[in-house]
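Chemist: Input: one structure, supplied below.
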Amino acid sequence: MSTLSRTRRRLPRLTSPQVAVPVSAGVLCAGAVATAVTGYDQIAVALLALLGGVIVAGLLLVYRRLAKVQKAGVAAQRDLRTTVEEMQRRLIAAVERERLTAGDRHLELAEAVARVRQLTERKAGSAQVLSLPREFEATVQLFQGFTPRAPMPSSGDFALNPTGLLELLHLIRTRKPRLVLELGSGTSSVWIAYVLEKSGGKLVSLDHEPGYANRTRQALTAHGLTKVATVRDAPLAPVNIEGRDYPWYDPEALADLHDIDFVLIDGPPAAVGADARYPALHMIEKRLADRATVVFDDAGRPDEQAALAAWTERYDGLTREGELLGRHAVLAFARPPAMAATRG
Ligand SMILES: C[S@@+](CC[C@H](N)C(=O)[O-])C[C@H]1O[C@@H](n2cnc3c(N)ncnc32)[C@H](O)[C@@H]1O
C-alpha cells in the first residue's frame, strides 16, 4: 500500500488532489533543501519552482472547494425554502379543511333550525285549524239576523277574529255607548258602526296609515255608515311618558273628544316599536267618561300583558272583567269619585 493511499485512509474525507498537493509540496520542499545543502543549486531552484506550481495548484483546489461549499449552501437554502413553502401549503390546506368542516356544521345547524321552525309553524297552523270551529260558530252568529248593505271586509289576521268581533259587538249592543273610540281602523270599524247605527252612538277611529284609513273610509261609504263612523288620520309621533318616548297617534286627533264611554285599543301595531300600545290609557284617560269600557286586543302578547299590569296598578278605577271569547282583555273604567269631582 502506497503512502498516498495510507494517508487517504486516515483522512477519508479528503480527495486525492487534496492529499497529493501537501504531500508533493513536502517532498519538493525536502528535495530542495537536500539539493541546496549538497550543492546542487540549480536542481534546488528547479524544485522550488515546482513547489511554487504545486502551491498554486493547491490554492486552486481550495478555491474550487470553497465554491462547492457555497453552491451547497445555496442548494440547502433552496431546500429549506421549499420545505417551508410545503409546510405553509399543508397548514393552509388544514385550515381550509377546518373551515369547510365548520361550514358543513353551520349548514347542518341551519337545516336543523329550519326543520324546527317548520315544525313550530305546523303546530301554530294546527292551533289555527283547531280554532276553526269556534271561529265558524262566531261567524254564523255575527251574520244571524243581519244583512250588510255591501260585502263585509274580511276578519282575522290584522283584523279582529270573528270570536273577538262577536264579544266586542255584544258589549256595544248591551252597554250602548254614546261615543266609541277605536285605535286602529279596519273591518271592526264597519261592524261597530252597524251596531251603533241601531243603538244611536258614534264611532271615531284613528289610523296612522293613510292607506288603511282610506280603505276603512271606503268600506264605511260602501256600507252607508259615514254618518255613524269617522276615520281620522293620526300619524304616529313620539309621546313622552315618564321620560320615555313611545310612537303613538298624534294627540291632536283626539283633542275634541270628551266622554268617550267605549274604547277599542287595536293599534298601533306591534311593528312600530316596543310597548306600542302602552301610552293609550295615559293619553285618553282624561277624555274618558266617568264610566267606560276598554277592550284591549292582543292582550296575550308580552308587551300588552306588561301594559295591562302597569295600567291596573296605576289607575285605581280600572279593573279587568272576565272575557268570554277572543284574544282581547275587557276592562271596566270607573273614575274614582274624588277625581270625577275635580275633572273639568
Ligand atoms: C290591528 S290593525 C287594526 C285592525 C282593526 N281594528 C280591525 O279589527 O279590523 C292596526 C293597524 O294596522 C294597520 N293594518 C291594517 N291591516 C294591515 C295589514 N294587512 N298589514 C299591515 N298593517 C295593517 C292599520 O294601519 C291599522 O290601523
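Residue names in the C-alpha cells use chain letters A, B, ... in the order shown, residue numbers from 1 in each chain, and ligand numbers from 1 in the order shown.
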Taking 4 positions as the minimum chain separation for residues in the same chain, which residues sit within 10 Å of Ser154 in chain A when counting only C-alpha atoms? Answer as a list in words.
Modeler: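 After dropping sequence-adjacent residues, the list is Phe158, Ala159, Leu160, Asn161, Pro162, Gly186, Thr187 and Ser188 of chain A.
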Chemist: Could the residues in this selection be saved with all heavy atoms as a PDB file, in the first residue's frame?
Modeler:
ATOM      1  N   PHE A 158    -104.849  40.832  10.525  1.00  0.00           N
ATOM      2  CA  PHE A 158    -104.710  42.122  11.195  1.00  0.00           C
ATOM      3  C   PHE A 158    -106.035  42.575  11.813  1.00  0.00           C
ATOM      4  O   PHE A 158    -106.051  43.324  12.793  1.00  0.00           O
ATOM      5  CB  PHE A 158    -104.205  43.183  10.204  1.00  0.00           C
ATOM      6  CG  PHE A 158    -102.718  43.366  10.275  1.00  0.00           C
ATOM      7  CD1 PHE A 158    -101.879  42.430   9.704  1.00  0.00           C
ATOM      8  CD2 PHE A 158    -102.164  44.452  10.930  1.00  0.00           C
ATOM      9  CE1 PHE A 158    -100.504  42.580   9.777  1.00  0.00           C
ATOM     10  CE2 PHE A 158    -100.786  44.617  11.011  1.00  0.00           C
ATOM     11  CZ  PHE A 158     -99.956  43.675  10.437  1.00  0.00           C
ATOM     12  N   ALA A 159    -107.130  42.110  11.202  1.00  0.00           N
ATOM     13  CA  ALA A 159    -108.440  42.493  11.742  1.00  0.00           C
ATOM     14  C   ALA A 159    -108.823  41.552  12.886  1.00  0.00           C
ATOM     15  O   ALA A 159    -108.227  40.482  13.040  1.00  0.00           O
ATOM     16  CB  ALA A 159    -109.478  42.415  10.628  1.00  0.00           C
ATOM     17  N   LEU A 160    -109.801  41.966  13.680  1.00  0.00           N
ATOM     18  CA  LEU A 160    -110.270  41.101  14.780  1.00  0.00           C
ATOM     19  C   LEU A 160    -110.816  39.793  14.203  1.00  0.00           C
ATOM     20  O   LEU A 160    -111.401  39.761  13.123  1.00  0.00           O
ATOM     21  CB  LEU A 160    -111.391  41.792  15.559  1.00  0.00           C
ATOM     22  CG  LEU A 160    -111.019  42.975  16.455  1.00  0.00           C
ATOM     23  CD1 LEU A 160    -112.268  43.492  17.166  1.00  0.00           C
ATOM     24  CD2 LEU A 160    -109.984  42.581  17.486  1.00  0.00           C
ATOM     25  N   ASN A 161    -110.671  38.704  14.967  1.00  0.00           N
ATOM     26  CA  ASN A 161    -111.262  37.416  14.595  1.00  0.00           C
ATOM     27  C   ASN A 161    -112.778  37.477  14.819  1.00  0.00           C
ATOM     28  O   ASN A 161    -113.247  38.291  15.621  1.00  0.00           O
ATOM     29  CB  ASN A 161    -110.729  36.314  15.526  1.00  0.00           C
ATOM     30  CG  ASN A 161    -109.335  35.913  15.120  1.00  0.00           C
ATOM     31  OD1 ASN A 161    -108.948  36.079  13.973  1.00  0.00           O
ATOM     32  ND2 ASN A 161    -108.587  35.384  16.071  1.00  0.00           N
ATOM     33  N   PRO A 162    -113.534  36.586  14.172  1.00  0.00           N
ATOM     34  CA  PRO A 162    -114.987  36.560  14.433  1.00  0.00           C
ATOM     35  C   PRO A 162    -115.312  36.426  15.918  1.00  0.00           C
ATOM     36  O   PRO A 162    -116.220  37.095  16.413  1.00  0.00           O
ATOM     37  CB  PRO A 162    -115.457  35.332  13.640  1.00  0.00           C
ATOM     38  CG  PRO A 162    -114.469  35.230  12.520  1.00  0.00           C
ATOM     39  CD  PRO A 162    -113.159  35.661  13.097  1.00  0.00           C
ATOM     40  N   GLY A 186    -110.371  49.457  10.579  1.00  0.00           N
ATOM     41  CA  GLY A 186    -110.389  48.282   9.697  1.00  0.00           C
ATOM     42  C   GLY A 186    -111.764  47.649   9.671  1.00  0.00           C
ATOM     43  O   GLY A 186    -112.790  48.341   9.805  1.00  0.00           O
ATOM     44  N   THR A 187    -111.791  46.341   9.521  1.00  0.00           N
ATOM     45  CA  THR A 187    -113.053  45.598   9.457  1.00  0.00           C
ATOM     46  C   THR A 187    -113.921  45.892  10.689  1.00  0.00           C
ATOM     47  O   THR A 187    -115.143  46.072  10.581  1.00  0.00           O
ATOM     48  CB  THR A 187    -112.744  44.088   9.398  1.00  0.00           C
ATOM     49  OG1 THR A 187    -111.949  43.860   8.243  1.00  0.00           O
ATOM     50  CG2 THR A 187    -113.999  43.259   9.326  1.00  0.00           C
ATOM     51  N   SER A 188    -113.266  45.959  11.851  1.00  0.00           N
ATOM     52  CA  SER A 188    -114.020  46.182  13.096  1.00  0.00           C
ATOM     53  C   SER A 188    -114.800  47.494  13.040  1.00  0.00           C
ATOM     54  O   SER A 188    -115.907  47.580  13.592  1.00  0.00           O
ATOM     55  CB  SER A 188    -113.070  46.184  14.293  1.00  0.00           C
ATOM     56  OG  SER A 188    -112.036  47.112  14.061  1.00  0.00           O
TER      57      SER A 188
END
Chemist: Could you give me, as a ChimeraX atom specification, every polymer residue with an atom at most 8 Å away from an atom of ligand 1, counting only C-alpha atoms and all ligand atoms?
Modeler: /A:155-161,165,182-189,206-213,264-269
Chemist: Find the distance between CA of Ile260 in chain A and CA of Arg287 in chain A and write it in Å to one decimal.
Modeler: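 Taking CA of Ile260 in chain A as the start and CA of Arg287 in chain A as the end point, the length is 6.2 Å.
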Chemist: Just the number, please: distance in Å from CA of Ile284 in chain A to CA of Leu171 in chain A, one decimal.
Modeler: 19.9 Å
Chemist: Considering only C-alpha atoms, can you say which of A:Tyr278, A:Trp191, A:Tyr315, A:Tyr63 comes closest to Gly164 in chain A?
Modeler: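 Ranked by minimum distance to Gly164 in chain A, first place goes to A:Trp191.
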Chemist: Based on DSSP run over this structure's backbone, return all residues of range 85-286 of chain A in alpha helix (DSSP H), as a ChimeraX atom specification.
Modeler: /A:85-143,162-175,187-199,210-222,279-284
Chemist: Within 6 Å of range 38-51 of chain A, counting only C-alpha atoms, which residues qualify if same-chain residues fewer than 3 places away don't, as a PDB file with N, CA and C atoms, in the first residue's frame?
Modeler:
ATOM      1  N   ALA A  25       4.160  18.943  -2.022  1.00  0.00           N
ATOM      2  CA  ALA A  25       4.840  20.139  -1.542  1.00  0.00           C
ATOM      3  C   ALA A  25       5.914  19.768  -0.521  1.00  0.00           C
ATOM      4  N   LEU A  28       8.831  18.085  -2.359  1.00  0.00           N
ATOM      5  CA  LEU A  28       9.607  19.069  -3.127  1.00  0.00           C
ATOM      6  C   LEU A  28      10.426  19.962  -2.197  1.00  0.00           C
ATOM      7  N   ALA A  32      14.341  20.214  -2.254  1.00  0.00           N
ATOM      8  CA  ALA A  32      15.021  21.482  -2.471  1.00  0.00           C
ATOM      9  C   ALA A  32      16.060  21.742  -1.385  1.00  0.00           C
ATOM     10  N   THR A  35      19.003  19.222  -1.929  1.00  0.00           N
ATOM     11  CA  THR A  35      19.859  19.565  -3.077  1.00  0.00           C
ATOM     12  C   THR A  35      20.642  20.844  -2.814  1.00  0.00           C
ATOM     13  N   VAL A  54       3.059  23.710  -7.385  1.00  0.00           N
ATOM     14  CA  VAL A  54       2.172  22.864  -6.557  1.00  0.00           C
ATOM     15  C   VAL A  54       1.312  23.727  -5.626  1.00  0.00           C
TER      16      VAL A  54
END
Chemist: Which residues are near Leu324 in chain A? Cut-off 10 Å, only C-alpha atoms, ignore same chain within fewer than 3 positions. Put them as a list in words.
Modeler: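 Surrounding residues, per the criterion: Thr163, Gly164, Leu166, Glu167, Glu321, Arg327, His328, Ala329 and Val330 of chain A.
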Chemist: Would you output that residue set with C-alpha atoms, as a short mmCIF file (atom, residue, chain, number, x, y, z; two decimals), in the first residue's frame?
Modeler:
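What follows is the written file out.cif:
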data_model
loop_
_atom_site.label_atom_id
_atom_site.label_comp_id
_atom_site.auth_asym_id
_atom_site.auth_seq_id
_atom_site.Cartn_x
_atom_site.Cartn_y
_atom_site.Cartn_z
CA THR A 163 -114.81 35.47 18.10
CA GLY A 164 -113.31 38.82 19.07
CA LEU A 166 -118.72 38.71 18.47
CA GLU A 167 -117.86 39.67 22.05
CA GLU A 321 -113.62 41.97 33.57
CA ARG A 327 -107.78 37.27 22.32
CA HIS A 328 -108.63 40.58 24.00
CA ALA A 329 -108.98 41.82 27.57
CA VAL A 330 -112.10 43.67 28.71
#
Chemist: Show which residues sit within 10 Å of Pro251 in chain A, as a ChimeraX atom specification. Count only C-alpha atoms, and ignore same-chain residues fewer than 4 positions away.
Modeler: /A:234-237,239,255-256,283-284
Chemist: Residues near Ala150 in chain A, anyone? I mean within 10 Å using only C-alpha atoms, not counting same-chain ones fewer than 3 positions away, as an MDAnalysis selection string.
Modeler: chainID A and resid 147 153 219:224
Chemist: What is the CA of Ile172 in chain A to CA of Ala338 in chain A distance in Å?
Modeler: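 Between CA of Ile172 in chain A and CA of Ala338 in chain A the gap is 27.7 Å.
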Chemist: List as a list in words the protein and nucleic acid residues near range 177-179 of chain A, meaning an atom at most 9 Å away when only C-alpha atoms are counted, but skip any in the same chain fewer than 5 places from it.
Modeler: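 Returned residues: Ile172, Leu196, Ser199, Gly200, Gly201, Lys202, Leu203, Val204, Leu257, His258, Asp259, Ile260, Asp261, Phe262, Val263, Ala292 and Thr293 of chain A.
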Chemist: Considering only C-alpha atoms, state which residue in the set A:Asp297, A:Gly52, A:Asp290, A:Tyr246 is at the smallest distance from Gly273 in chain A.
Modeler: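 Counting only C-alpha atoms, the residue closest to Gly273 in chain A is A:Tyr246.
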Chemist: Looking at only C-alpha atoms, which of A:Ala276, A:Val62, A:Leu308, A:Leu225 is the one that sits closest to Arg320 in chain A?
Modeler: A:Leu308
